[in-house]
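**Student:** start-v1.cif is reproduced in full below (mmCIF, C-alpha atoms, pLDDT in the B column; chains and numbers go by the auth columns).
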data_work
#
loop_
_atom_site.group_PDB
_atom_site.id
_atom_site.type_symbol
_atom_site.label_atom_id
_atom_site.label_comp_id
_atom_site.label_asym_id
_atom_site.label_seq_id
_atom_site.Cartn_x
_atom_site.Cartn_y
_atom_site.Cartn_z
_atom_site.B_iso_or_equiv
_atom_site.auth_seq_id
_atom_site.auth_asym_id
ATOM 1 C CA MET A 1 26.189 -59.014 -9.729 68.00 1300 A
ATOM 2 C CA ASP A 2 26.842 -57.830 -13.246 82.00 1301 A
ATOM 3 C CA TRP A 3 26.840 -54.007 -13.562 81.00 1302 A
ATOM 4 C CA GLU A 4 25.627 -54.102 -17.144 84.00 1303 A
ATOM 5 C CA ALA A 5 22.513 -56.035 -16.121 85.00 1304 A
ATOM 6 C CA LEU A 6 21.873 -53.574 -13.291 85.00 1305 A
ATOM 7 C CA VAL A 7 22.209 -50.594 -15.647 85.00 1306 A
ATOM 8 C CA ALA A 8 19.899 -52.324 -18.123 87.00 1307 A
ATOM 9 C CA LEU A 9 17.238 -52.509 -15.391 88.00 1308 A
ATOM 10 C CA VAL A 10 17.775 -49.085 -13.780 89.00 1309 A
ATOM 11 C CA VAL A 11 17.885 -46.859 -16.901 89.00 1310 A
ATOM 12 C CA PRO A 12 14.522 -47.941 -18.401 90.00 1311 A
ATOM 13 C CA SER A 13 12.906 -47.919 -14.949 91.00 1312 A
ATOM 14 C CA LEU A 14 14.212 -44.420 -14.296 92.00 1313 A
ATOM 15 C CA PHE A 15 12.960 -43.273 -17.711 92.00 1314 A
ATOM 16 C CA ILE A 16 9.487 -44.697 -17.046 92.00 1315 A
ATOM 17 C CA VAL A 17 9.295 -43.117 -13.582 92.00 1316 A
ATOM 18 C CA THR A 18 10.470 -39.754 -14.939 92.00 1317 A
ATOM 19 C CA ALA A 19 8.020 -39.767 -17.843 92.00 1318 A
ATOM 20 C CA GLY A 20 5.181 -40.826 -15.543 90.00 1319 A
ATOM 21 C CA GLY A 21 6.067 -38.106 -13.050 89.00 1320 A
ATOM 22 C CA VAL A 22 6.066 -35.464 -15.776 90.00 1321 A
ATOM 23 C CA LEU A 23 2.725 -36.669 -17.144 92.00 1322 A
ATOM 24 C CA ILE A 24 1.152 -36.672 -13.691 92.00 1323 A
ATOM 25 C CA LEU A 25 2.752 -33.545 -12.203 91.00 1324 A
ATOM 26 C CA ARG A 26 2.548 -31.235 -15.245 92.00 1325 A
ATOM 27 C CA PRO A 27 -1.230 -30.538 -14.940 92.00 1326 A
ATOM 28 C CA ILE A 28 -0.870 -30.100 -11.187 93.00 1327 A
ATOM 29 C CA ALA A 29 2.003 -27.654 -11.667 92.00 1328 A
ATOM 30 C CA GLY A 30 -0.027 -25.757 -14.291 93.00 1329 A
ATOM 31 C CA LYS A 31 -3.001 -25.390 -11.946 95.00 1330 A
ATOM 32 C CA LEU A 32 -0.681 -24.346 -9.118 93.00 1331 A
ATOM 33 C CA GLY A 33 0.901 -21.713 -11.376 92.00 1332 A
ATOM 34 C CA THR A 34 -2.513 -20.357 -12.321 94.00 1333 A
ATOM 35 C CA LEU A 35 -3.523 -20.212 -8.662 94.00 1334 A
ATOM 36 C CA LEU A 36 -0.326 -18.397 -7.663 93.00 1335 A
ATOM 37 C CA ASP A 37 -0.780 -15.938 -10.531 93.00 1336 A
ATOM 38 C CA ALA A 38 -4.362 -15.200 -9.447 91.00 1337 A
ATOM 39 C CA MET A 39 -3.254 -14.716 -5.846 90.00 1338 A
ATOM 40 C CA ALA A 40 -0.476 -12.336 -6.919 89.00 1339 A
ATOM 41 C CA ARG A 41 -2.912 -10.334 -9.091 88.00 1340 A
ATOM 42 C CA GLU A 42 -5.401 -10.111 -6.208 86.00 1341 A
ATOM 43 C CA LYS A 43 -2.713 -8.967 -3.802 84.00 1342 A
ATOM 44 C CA SER A 44 -1.482 -6.379 -6.306 82.00 1343 A
ATOM 45 C CA SER A 45 -5.023 -5.124 -6.869 82.00 1344 A
ATOM 46 C CA SER A 46 -5.570 -4.929 -3.130 83.00 1345 A
ATOM 47 C CA ALA A 47 -2.328 -3.006 -2.690 84.00 1346 A
ATOM 48 C CA LEU A 48 -3.315 -0.541 -5.436 85.00 1347 A
ATOM 49 C CA GLU A 49 -6.716 0.014 -3.817 87.00 1348 A
ATOM 50 C CA GLU A 50 -5.080 0.559 -0.417 89.00 1349 A
ATOM 51 C CA THR A 51 -2.618 3.030 -1.961 89.00 1350 A
ATOM 52 C CA ARG A 52 -5.469 4.938 -3.622 91.00 1351 A
ATOM 53 C CA ARG A 53 -7.403 5.090 -0.354 93.00 1352 A
ATOM 54 C CA LEU A 54 -4.346 6.307 1.550 94.00 1353 A
ATOM 55 C CA ARG A 55 -3.658 8.959 -1.107 96.00 1354 A
ATOM 56 C CA GLU A 56 -7.235 10.265 -0.773 96.00 1355 A
ATOM 57 C CA THR A 57 -6.889 10.368 3.013 96.00 1356 A
ATOM 58 C CA VAL A 58 -3.608 12.301 2.829 97.00 1357 A
ATOM 59 C CA GLU A 59 -5.105 14.783 0.338 96.00 1358 A
ATOM 60 C CA SER A 60 -8.107 15.301 2.622 97.00 1359 A
ATOM 61 C CA MET A 61 -5.834 15.872 5.610 97.00 1360 A
ATOM 62 C CA ASN A 62 -3.729 18.305 3.572 97.00 1361 A
ATOM 63 C CA ASP A 63 -6.852 20.301 2.643 96.00 1362 A
ATOM 64 C CA ARG A 64 -7.969 20.414 6.263 97.00 1363 A
ATOM 65 C CA LEU A 65 -4.504 21.485 7.399 97.00 1364 A
ATOM 66 C CA SER A 66 -4.440 24.277 4.822 97.00 1365 A
ATOM 67 C CA LEU A 67 -7.826 25.517 6.037 96.00 1366 A
ATOM 68 C CA LEU A 68 -6.629 25.379 9.629 96.00 1367 A
ATOM 69 C CA GLU A 69 -3.508 27.401 8.723 96.00 1368 A
ATOM 70 C CA GLU A 70 -5.671 30.060 7.027 96.00 1369 A
ATOM 71 C CA ARG A 71 -7.883 30.298 10.094 95.00 1370 A
ATOM 72 C CA GLN A 72 -4.890 30.569 12.398 95.00 1371 A
ATOM 73 C CA ASP A 73 -3.341 33.337 10.258 94.00 1372 A
ATOM 74 C CA PHE A 74 -6.644 35.235 10.281 94.00 1373 A
ATOM 75 C CA THR A 75 -6.942 34.886 14.049 92.00 1374 A
ATOM 76 C CA GLU A 76 -3.347 36.036 14.579 91.00 1375 A
ATOM 77 C CA ARG A 77 -3.897 39.104 12.373 91.00 1376 A
ATOM 78 C CA LEU A 78 -7.103 39.864 14.272 90.00 1377 A
ATOM 79 C CA ILE A 79 -5.442 39.580 17.699 89.00 1378 A
ATOM 80 C CA GLU A 80 -2.160 41.277 16.769 84.00 1379 A
ATOM 81 C CA PRO A 81 -3.279 44.940 17.153 74.00 1380 A
ATOM 82 C CA ARG A 82 -4.593 44.254 20.657 66.00 1381 A
ATOM 83 C CA THR A 83 -1.335 42.734 21.857 65.00 1382 A
ATOM 84 C CA SER A 84 0.881 45.401 20.253 63.00 1383 A
ATOM 85 C CA GLY A 85 -1.056 48.241 21.906 61.00 1384 A
ATOM 86 C CA GLY A 86 -2.447 49.702 18.697 54.00 1385 A
ATOM 87 C CA THR A 87 -6.050 50.152 17.790 56.00 1386 A
ATOM 88 C CA GLY A 88 -7.615 47.670 15.490 54.00 1387 A
ATOM 89 C CA PRO A 89 -10.708 45.591 15.041 56.00 1388 A
ATOM 90 C CA ALA A 90 -10.036 43.710 18.265 52.00 1389 A
ATOM 91 C CA GLY A 91 -9.349 46.781 20.439 52.00 1390 A
ATOM 92 C CA GLY A 92 -11.609 49.267 18.755 53.00 1391 A
ATOM 93 C CA GLY A 93 -9.633 52.182 20.248 52.00 1392 A
ATOM 94 C CA LYS A 94 -11.712 52.240 23.437 54.00 1393 A
ATOM 95 C CA GLU A 95 -10.820 51.482 26.987 54.00 1394 A
ATOM 96 C CA PRO A 96 -12.103 48.166 28.259 53.00 1395 A
ATOM 97 C CA ILE A 97 -15.081 48.372 30.573 60.00 1396 A
ATOM 98 C CA ALA A 98 -14.212 47.160 34.055 50.00 1397 A
#
Once you've parsed the file, please lay out its structure as structure tokens.
**Tutor:**
Amino acid sequence: MDWEALVALVVPSLFIVTAGGVLILRPIAGKLGTLLDAMAREKSSSALEETRRLRETVESMNDRLSLLEERQDFTERLIEPRTSGGTGPAGGGKEPIA
């Protein structure tokens, strides 16, 4: 078989197949790109919302922990005179009634 005749058949056929593939696949690739972009935006938005919710939860827990620390400090100051043997609001300077 003559190579020149084979090349003369293959090159135009390859060009036609390539051009047809581009014409057919370009709109499909465009729609796929748009879909992937929308999915990425949705995931990013979801991640931002989750981050905001977690930040609010951590701030709420921090506020509650601060309040708990204040209460514990108050209780320790209130109990301290009784345990050290001095008179204070907890002991009142009186002997306990048996």
**Student:** Take atom CA of A:Met1360 and atom CA of A:Glu1348 and report the distance between them in Å, one decimal.
**Tutor:**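 Atom CA of A:Met1360 sits 18.5 Å away from atom CA of A:Glu1348.
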**Student:** Please compute the atom CA of A:Ala1328-atom CA of A:Ser1343 distance, one decimal, in Å.
**Tutor:**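 Atom CA of A:Ala1328 sits 22.2 Å away from atom CA of A:Ser1343.
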**Student:** By how many Å are atom CA of A:Phe1373 and atom CA of A:Arg1354 apart?
**Tutor:**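 So the answer is 28.8 Å.
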**Student:** Please rebuild stretch 1330-1359 of chain A with N, CA and C atoms and give the result as an mmCIF file, in the coordinates of the input.
**Tutor:**
data_model
loop_
_atom_site.group_PDB
_atom_site.id
_atom_site.type_symbol
_atom_site.label_atom_id
_atom_site.label_comp_id
_atom_site.auth_asym_id
_atom_site.auth_seq_id
_atom_site.Cartn_x
_atom_site.Cartn_y
_atom_site.Cartn_z
ATOM 1 N N LYS A 1330 -1.927 -25.924 -12.795
ATOM 2 C CA LYS A 1330 -3.001 -25.390 -11.946
ATOM 3 C C LYS A 1330 -2.417 -24.580 -10.784
ATOM 4 N N LEU A 1331 -1.330 -25.068 -10.210
ATOM 5 C CA LEU A 1331 -0.681 -24.346 -9.118
ATOM 6 C C LEU A 1331 -0.148 -22.997 -9.604
ATOM 7 N N GLY A 1332 0.418 -22.967 -10.804
ATOM 8 C CA GLY A 1332 0.901 -21.713 -11.376
ATOM 9 C C GLY A 1332 -0.223 -20.725 -11.604
ATOM 10 N N THR A 1333 -1.350 -21.217 -12.113
ATOM 11 C CA THR A 1333 -2.513 -20.357 -12.321
ATOM 12 C C THR A 1333 -3.029 -19.799 -11.004
ATOM 13 N N LEU A 1334 -3.075 -20.650 -9.987
ATOM 14 C CA LEU A 1334 -3.523 -20.212 -8.662
ATOM 15 C C LEU A 1334 -2.588 -19.147 -8.088
ATOM 16 N N LEU A 1335 -1.288 -19.373 -8.180
ATOM 17 C CA LEU A 1335 -0.326 -18.397 -7.663
ATOM 18 C C LEU A 1335 -0.412 -17.077 -8.426
ATOM 19 N N ASP A 1336 -0.634 -17.145 -9.732
ATOM 20 C CA ASP A 1336 -0.780 -15.938 -10.531
ATOM 21 C C ASP A 1336 -2.018 -15.149 -10.105
ATOM 22 N N ALA A 1337 -3.130 -15.865 -9.885
ATOM 23 C CA ALA A 1337 -4.362 -15.200 -9.447
ATOM 24 C C ALA A 1337 -4.180 -14.572 -8.072
ATOM 25 N N MET A 1338 -3.495 -15.262 -7.180
ATOM 26 C CA MET A 1338 -3.254 -14.716 -5.846
ATOM 27 C C MET A 1338 -2.378 -13.467 -5.915
ATOM 28 N N ALA A 1339 -1.358 -13.493 -6.774
ATOM 29 C CA ALA A 1339 -0.476 -12.336 -6.919
ATOM 30 C C ALA A 1339 -1.237 -11.150 -7.502
ATOM 31 N N ARG A 1340 -2.113 -11.405 -8.497
ATOM 32 C CA ARG A 1340 -2.912 -10.334 -9.091
ATOM 33 C C ARG A 1340 -3.861 -9.741 -8.056
ATOM 34 N N GLU A 1341 -4.474 -10.588 -7.239
ATOM 35 C CA GLU A 1341 -5.401 -10.111 -6.208
ATOM 36 C C GLU A 1341 -4.666 -9.263 -5.174
ATOM 37 N N LYS A 1342 -3.494 -9.721 -4.782
ATOM 38 C CA LYS A 1342 -2.713 -8.967 -3.802
ATOM 39 C C LYS A 1342 -2.280 -7.624 -4.383
ATOM 40 N N SER A 1343 -1.884 -7.616 -5.647
ATOM 41 C CA SER A 1343 -1.482 -6.379 -6.306
ATOM 42 C C SER A 1343 -2.667 -5.424 -6.414
ATOM 43 N N SER A 1344 -3.819 -5.947 -6.772
ATOM 44 C CA SER A 1344 -5.023 -5.124 -6.869
ATOM 45 C C SER A 1344 -5.390 -4.557 -5.510
ATOM 46 N N SER A 1345 -5.276 -5.370 -4.486
ATOM 47 C CA SER A 1345 -5.570 -4.929 -3.130
ATOM 48 C C SER A 1345 -4.593 -3.845 -2.699
ATOM 49 N N ALA A 1346 -3.328 -4.011 -3.048
ATOM 50 C CA ALA A 1346 -2.328 -3.006 -2.690
ATOM 51 C C ALA A 1346 -2.585 -1.696 -3.418
ATOM 52 N N LEU A 1347 -3.001 -1.761 -4.685
ATOM 53 C CA LEU A 1347 -3.315 -0.541 -5.436
ATOM 54 C C LEU A 1347 -4.520 0.174 -4.833
ATOM 55 N N GLU A 1348 -5.529 -0.584 -4.438
ATOM 56 C CA GLU A 1348 -6.716 0.014 -3.817
ATOM 57 C C GLU A 1348 -6.349 0.667 -2.487
ATOM 58 N N GLU A 1349 -5.519 0.003 -1.709
ATOM 59 C CA GLU A 1349 -5.080 0.559 -0.417
ATOM 60 C C GLU A 1349 -4.274 1.833 -0.641
ATOM 61 N N THR A 1350 -3.416 1.842 -1.650
ATOM 62 C CA THR A 1350 -2.618 3.030 -1.961
ATOM 63 C C THR A 1350 -3.528 4.179 -2.381
ATOM 64 N N ARG A 1351 -4.534 3.901 -3.193
ATOM 65 C CA ARG A 1351 -5.469 4.938 -3.622
ATOM 66 C C ARG A 1351 -6.229 5.514 -2.435
ATOM 67 N N ARG A 1352 -6.669 4.642 -1.548
ATOM 68 C CA ARG A 1352 -7.403 5.090 -0.354
ATOM 69 C C ARG A 1352 -6.517 5.940 0.543
ATOM 70 N N LEU A 1353 -5.272 5.525 0.726
ATOM 71 C CA LEU A 1353 -4.346 6.307 1.550
ATOM 72 C C LEU A 1353 -4.049 7.661 0.912
ATOM 73 N N ARG A 1354 -3.913 7.694 -0.406
ATOM 74 C CA ARG A 1354 -3.658 8.959 -1.107
ATOM 75 C C ARG A 1354 -4.828 9.919 -0.901
ATOM 76 N N GLU A 1355 -6.064 9.419 -1.003
ATOM 77 C CA GLU A 1355 -7.235 10.265 -0.773
ATOM 78 C C GLU A 1355 -7.266 10.787 0.653
ATOM 79 N N THR A 1356 -6.904 9.950 1.616
ATOM 80 C CA THR A 1356 -6.889 10.368 3.013
ATOM 81 C C THR A 1356 -5.850 11.461 3.242
ATOM 82 N N VAL A 1357 -4.670 11.296 2.667
ATOM 83 C CA VAL A 1357 -3.608 12.301 2.829
ATOM 84 C C VAL A 1357 -4.024 13.617 2.174
ATOM 85 N N GLU A 1358 -4.649 13.558 0.999
ATOM 86 C CA GLU A 1358 -5.105 14.783 0.338
ATOM 87 C C GLU A 1358 -6.162 15.489 1.179
ATOM 88 N N SER A 1359 -7.079 14.720 1.765
ATOM 89 C CA SER A 1359 -8.107 15.301 2.622
ATOM 90 C C SER A 1359 -7.482 15.962 3.843
#
